[in-house]
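data-v4.txt follows; it contains compact mmCIF, C-alpha atoms.
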# COMPACT_ATOMS: atom_id res chain seq x y z
CA MET A 3 -64.10 69.85 30.74
CA SER A 4 -63.35 66.95 28.42
CA ARG A 5 -59.62 67.62 28.81
CA THR A 6 -59.87 67.33 32.61
CA ILE A 7 -61.72 64.01 32.42
CA ARG A 8 -59.10 62.67 30.01
CA LEU A 9 -56.25 63.68 32.30
CA ASP A 10 -57.93 62.09 35.30
CA ALA A 11 -58.42 58.81 33.42
CA VAL A 12 -54.78 58.75 32.36
CA LEU A 13 -53.59 59.43 35.89
CA ILE A 14 -55.82 56.69 37.33
CA GLN A 15 -54.54 54.23 34.73
CA ALA A 16 -50.94 55.20 35.54
CA VAL A 17 -51.52 54.71 39.27
CA ILE A 18 -53.06 51.26 38.74
CA ALA A 19 -50.26 50.13 36.40
CA GLY A 20 -47.60 51.47 38.75
CA ALA A 21 -49.12 49.74 41.78
CA LEU A 22 -49.36 46.38 39.99
CA SER A 23 -45.81 46.61 38.68
CA PHE A 24 -44.60 47.67 42.13
CA SER A 25 -46.28 44.64 43.68
CA HIS A 26 -44.85 42.23 41.11
CA LEU A 27 -41.32 43.53 41.61
CA HIS A 28 -41.71 43.19 45.38
CA ASP A 29 -42.97 39.62 45.09
CA LEU A 30 -40.15 38.61 42.77
CA ALA A 31 -37.48 40.19 44.99
CA GLU A 32 -38.95 38.49 48.07
CA ALA A 33 -39.03 35.13 46.27
CA ALA A 34 -35.38 35.61 45.28
CA GLY A 35 -34.31 35.88 48.93
CA GLN A 36 -34.63 39.64 49.54
CA ASP A 37 -36.89 39.85 52.59
CA GLY A 38 -38.12 42.74 54.72
CA TRP A 39 -37.47 46.30 53.63
CA LYS A 40 -35.09 45.12 50.93
CA ALA A 41 -37.92 43.56 48.93
CA TRP A 42 -39.77 46.90 48.99
CA ALA A 43 -36.67 48.83 47.88
CA TYR A 44 -36.36 46.92 44.60
CA PRO A 45 -39.50 48.29 42.90
CA ILE A 46 -38.60 51.80 44.05
CA SER A 47 -35.14 51.42 42.48
CA VAL A 48 -36.56 50.18 39.17
CA ASP A 49 -39.18 52.94 38.96
CA LEU A 50 -36.68 55.67 39.83
CA LEU A 51 -34.31 54.48 37.11
CA LEU A 52 -37.19 54.53 34.62
CA VAL A 53 -38.12 58.09 35.58
CA ALA A 54 -34.50 59.29 35.48
CA ALA A 55 -33.92 57.78 32.03
CA TRP A 56 -37.19 59.25 30.72
CA ARG A 57 -36.36 62.74 31.97
CA ARG A 58 -32.90 62.50 30.46
CA MET A 59 -34.38 61.57 27.08
CA ARG A 60 -36.71 64.57 27.15
CA THR A 61 -34.14 67.21 28.17
CA HIS A 62 -31.04 66.23 26.18
CA ALA A 63 -30.41 65.92 22.48
CA ASP A 64 -27.98 63.01 22.70
CA ASN A 65 -30.10 60.44 24.58
CA ARG A 66 -28.58 57.13 23.46
CA ALA A 67 -27.36 56.33 26.98
CA ALA A 68 -30.73 57.32 28.45
CA TRP A 69 -32.51 54.99 26.03
CA SER A 70 -30.21 52.13 27.06
CA TRP A 71 -30.95 52.56 30.76
CA PHE A 72 -34.66 53.05 30.07
CA VAL A 73 -34.74 49.71 28.21
CA ILE A 74 -32.86 47.99 31.08
CA ALA A 75 -35.28 49.28 33.72
CA LEU A 76 -38.29 48.50 31.52
CA ALA A 77 -37.00 44.94 30.99
CA ALA A 78 -36.66 44.51 34.76
CA SER A 79 -40.23 45.71 35.30
CA LEU A 80 -41.73 43.64 32.49
CA GLY A 81 -39.71 40.63 33.52
CA ALA A 82 -41.12 40.77 37.02
CA ASN A 83 -44.67 41.12 35.68
CA ILE A 84 -44.26 38.10 33.41
CA ALA A 85 -42.43 35.99 36.00
CA THR A 86 -45.17 36.47 38.60
CA ALA A 87 -47.94 35.62 36.12
CA GLY A 88 -47.62 31.90 36.85
CA LEU A 89 -44.71 31.20 34.48
CA LEU A 90 -42.24 30.97 37.37
CA ASP A 91 -42.47 28.95 40.56
CA LEU A 92 -41.87 31.58 43.23
CA GLY A 93 -41.23 28.85 45.75
CA ASP A 94 -38.24 27.57 43.75
CA VAL A 95 -36.53 30.53 42.06
CA PRO A 96 -33.58 29.52 39.81
CA ALA A 97 -30.07 30.53 40.77
CA TRP A 98 -29.54 32.86 37.77
CA LEU A 99 -32.59 34.90 38.77
CA ARG A 100 -31.31 35.20 42.33
CA ILE A 101 -28.02 36.49 40.90
CA LEU A 102 -29.81 39.08 38.76
CA VAL A 103 -31.91 40.30 41.68
CA ALA A 104 -28.89 40.47 43.98
CA GLY A 105 -26.84 42.39 41.38
CA TRP A 106 -29.59 44.88 40.51
CA PRO A 107 -28.69 47.52 43.17
CA ALA A 108 -25.17 47.94 41.79
CA LEU A 109 -26.49 48.14 38.21
CA ALA A 110 -29.17 50.67 39.17
CA PHE A 111 -26.61 52.78 41.06
CA LEU A 112 -24.32 52.82 38.03
CA GLY A 113 -27.15 53.83 35.70
CA GLY A 114 -28.42 56.56 37.98
CA THR A 115 -24.93 58.00 38.44
CA LEU A 116 -24.22 58.06 34.71
CA LEU A 117 -27.57 59.67 33.96
CA ALA A 118 -27.13 62.31 36.65
CA HIS A 119 -23.56 63.28 35.77
CA ALA A 120 -23.56 62.88 31.99
CA PRO A 121 -22.40 66.12 30.33
CA ALA A 122 -25.05 68.13 28.57
CA ALA A 123 -24.69 68.90 24.89
CA PRO A 124 -23.21 72.41 24.38
CA ALA A 125 -25.67 74.97 23.10
CA GLU A 126 -25.05 76.21 19.59
CA PRO A 127 -23.84 79.83 19.55
CA GLU A 128 -26.14 82.36 17.95
CA PRO A 129 -24.90 83.66 14.60
CA VAL A 130 -23.28 87.08 14.86
CA PRO A 131 -24.35 89.47 12.07
CA ALA A 132 -21.54 90.65 9.87
CA PRO A 133 -20.51 94.27 10.48
CA VAL A 134 -21.67 96.77 7.88
CA PRO A 135 -18.64 98.46 6.30
CA LEU A 136 -18.61 102.25 6.74
CA ALA A 137 -17.79 104.62 3.95
CA ASP A 138 -14.16 105.75 4.05
CA PRO A 139 -14.04 109.57 3.94
CA THR A 140 -10.41 109.59 2.78
CA PRO A 141 -9.97 109.72 -0.99
CA GLU A 142 -8.52 106.71 -2.69
CA PRO A 143 -4.83 107.09 -3.54
CA VAL A 144 -3.97 107.61 -7.17
CA PRO A 145 -2.16 104.52 -8.44
CA ASP A 146 1.39 105.08 -9.57
CA VAL A 147 1.81 104.70 -13.28
CA THR A 148 5.20 103.28 -14.02
CA VAL A 149 6.61 103.10 -17.52
CA GLU A 150 8.24 99.78 -18.22
CA ARG A 151 11.65 100.15 -19.79
CA ALA A 152 12.58 97.94 -22.66
CA PRO A 153 15.19 95.37 -21.70
CA GLU A 154 18.68 96.22 -22.82
CA PRO A 155 20.08 93.88 -25.43
CA ALA A 156 22.58 91.38 -24.13
CA PRO A 157 26.17 92.11 -25.11
CA GLU A 158 27.38 90.08 -28.01
CA LEU A 159 30.06 87.55 -27.14
CA PRO A 160 33.12 87.38 -29.31
CA PRO A 161 33.03 84.53 -31.78
CA VAL A 162 34.75 81.35 -30.69
CA PRO A 163 37.58 80.46 -33.02
CA ALA A 164 36.97 77.29 -34.93
CA VAL A 165 38.82 74.28 -33.54
CA ALA A 166 39.31 71.13 -35.59
CA VAL A 167 37.87 68.05 -33.82
CA PRO A 168 39.16 64.65 -34.80
CA PRO A 169 36.34 62.29 -35.88
CA ALA A 170 37.41 59.56 -33.42
CA LEU A 171 37.32 62.05 -30.53
CA LEU A 172 33.92 63.31 -31.68
CA ASP A 173 32.51 59.75 -31.72
CA HIS A 174 33.88 59.09 -28.25
CA ALA A 175 32.44 62.39 -26.99
CA ARG A 176 29.02 61.49 -28.45
CA LYS A 177 29.03 58.19 -26.50
CA VAL A 178 29.96 60.04 -23.30
CA ALA A 179 27.18 62.58 -23.92
CA ASP A 180 24.61 59.81 -24.57
CA THR A 181 25.62 58.00 -21.37
CA HIS A 182 25.33 61.24 -19.38
CA HIS A 183 21.90 61.99 -20.84
CA ALA A 184 20.63 58.46 -20.10
CA THR A 185 21.92 58.65 -16.52
CA THR A 186 20.88 62.19 -15.53
CA GLY A 187 18.18 63.02 -18.06
CA ALA A 188 19.98 66.29 -19.02
CA ARG A 189 22.33 67.23 -21.81
CA ILE A 190 26.00 67.29 -20.96
CA ASP A 191 27.53 70.74 -20.52
CA PRO A 192 31.00 71.77 -21.81
CA ALA A 193 32.55 71.78 -18.33
CA THR A 194 31.46 68.18 -17.65
CA LEU A 195 32.51 67.15 -21.15
CA ARG A 196 35.95 68.71 -20.64
CA ALA A 197 36.33 66.84 -17.32
CA ARG A 198 35.21 63.51 -18.83
CA LEU A 199 37.43 63.75 -21.94
CA GLY A 200 40.40 65.53 -20.35
CA VAL A 201 40.70 68.03 -23.20
CA PRO A 202 41.30 71.80 -23.15
CA GLY A 203 38.43 74.22 -22.81
CA PRO A 204 38.27 75.49 -26.42
CA LEU A 205 38.31 71.93 -27.74
CA ALA A 206 35.54 70.89 -25.31
CA ASP A 207 33.47 73.91 -26.44
CA ALA A 208 33.93 72.96 -30.07
CA ILE A 209 32.90 69.36 -29.36
CA ALA A 210 29.84 70.54 -27.41
CA ALA A 211 28.85 72.81 -30.30
CA GLN A 212 28.96 69.88 -32.72
CA LEU A 213 27.01 67.63 -30.36
CA ALA A 214 24.20 70.19 -29.96
Would you write out, as C-alpha cells, the structure that this file holds?
Amino acid sequence: MSRTIRLDAVLIQAVIAGALSFSHLHDLAEAAGQDGWKAWAYPISVDLLLVAAWRRMRTHADNRAAWSWFVIALAASLGANIATAGLLDLGDVPAWLRILVAGWPALAFLGGTLLAHAPAAPAEPEPVPAPVPLADPTPEPVPDVTVERAPEPAPELPPVPAVAVPPALLDHARKVADTHHATTGARIDPATLRARLGVPGPLADAIAAQLA
C-alpha cells in the first residue's frame, strides 16, 4: 500500500513539473516570434529529445552521445524556466535568443536522428568450453633408437714445404694485413694476400702462416 502511494506522488510531481516546463517553453518560443502551433511544438520537441536521450542511456553501454543530447535538451528546458521567471523581458527578446529558438528544430532533428540510428554495442560472445580430449585407443609408437656414429677423422693434409720469406716482404705483408683487418674487421686470408702482394701461392701461404 505504501508503495502505491509513493508511486502516485511521484507521478503527480512529474506531471506538475512537466506541465510547468511545457508552459515556460511555449511562452519563450512565442515571445521569440514563433506564434500559433509552432509555439506549442517547441516544448514537445524538447521533451521528446529528453526522453529519447534518457532511453538511450538506459539501454546502451556506450552512452556518451546520449548524455550529450540529454544535457542539451535539459539546458533548453531549464533555460526557458529561468528566462520566464522575470529575468528576461518577454516583450523585447534579444536577437541571439531568437536565433537559438529558430535553430532549435534542426538541432533537435539531428539529435533525434543520431540517437535513433546509432549502432548498438555488439554483445560479447559466450565462452565456449574447451573440448575434453578422448583417450587414444591406438598404442603409442615405439621411438626409434638410433646409434650416433663417431665422426670420422679428417684426412691429414700433406705438410707444406717451408718457403723462405724475405724480412722486407714480411713487413710489407704485415702492413697490408693490418690495413685489411682495420677496414673489414676480419683477418686477411692467403688468397687475398696473394692478390695484394702479387706473389705465388706457396709464398703467400708461408707469409700467412707467419702472420697468424
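If you look at CA of Trp56 in chain A and CA of Phe72 in chain A, they are 6.7 Å away from each other.
One distance worth recording is that between CA of Arg100 in chain A and CA of Leu30 in chain A, which is 9.5 Å.
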- Got a sec: who's within 12 Å of Trp69 in chain A, counting only C-alpha atoms, leaving out chain neighbours fewer than 3 positions off, as an NGL selection string? :A and (51-60 or 62-66 or 72-76 or 113 or 117)
- Of the candidates A:Gly20, A:Gly203, A:Pro45, A:Gly81, which shows the shortest atom-to-atom distance to Pro107 in chain A, using all atoms listed in the file? A:Pro45
- Task: Measure the distance from CA of Thr181 in chain A to CA of Leu195 in chain A in Å and round it to one decimal.
- Result: 11.5 Å
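The nearest approach to Ala166 in chain A among the residues A:Ser47, A:Gln212, A:Thr61, A:Thr194, with all atoms listed in the file taken into account, belongs to A:Gln212.
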For Ile209 in chain A, find every residue with an atom within 10 Å (counting all atoms listed in the file), except residues of its own chain fewer than 6 positions away, and show them as a PDB file with C-alpha atoms, in the frame of the given file.
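Done, and the output landed in around.pdb:
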ATOM      1  CA  VAL A 165      38.820  74.280 -33.540  1.00  0.00           C
ATOM      2  CA  ALA A 166      39.310  71.130 -35.590  1.00  0.00           C
ATOM      3  CA  VAL A 167      37.870  68.050 -33.820  1.00  0.00           C
ATOM      4  CA  PRO A 168      39.160  64.650 -34.800  1.00  0.00           C
ATOM      5  CA  LEU A 171      37.320  62.050 -30.530  1.00  0.00           C
ATOM      6  CA  LEU A 172      33.920  63.310 -31.680  1.00  0.00           C
ATOM      7  CA  ASP A 173      32.510  59.750 -31.720  1.00  0.00           C
ATOM      8  CA  ALA A 175      32.440  62.390 -26.990  1.00  0.00           C
ATOM      9  CA  ARG A 176      29.020  61.490 -28.450  1.00  0.00           C
ATOM     10  CA  PRO A 192      31.000  71.770 -21.810  1.00  0.00           C
ATOM     11  CA  LEU A 195      32.510  67.150 -21.150  1.00  0.00           C
ATOM     12  CA  ARG A 196      35.950  68.710 -20.640  1.00  0.00           C
ATOM     13  CA  GLY A 203      38.430  74.220 -22.810  1.00  0.00           C
TER      14      GLY A 203
END
Padding 4 Å on every side, please: axis-aligned box over the listed atoms of range 186-192 of chain A, centre and edge lengths to one decimal in Å, as AutoDock Vina command-line options.
--center_x 24.6 --center_y 67.0 --center_z -18.7 --size_x 20.8 --size_y 17.6 --size_z 14.3
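Each of A:Ala87, A:Ala11, A:Ala108, A:Leu102 was compared to His26 in chain A using all atoms listed in the file, and A:Ala87 turns out to be the nearest.
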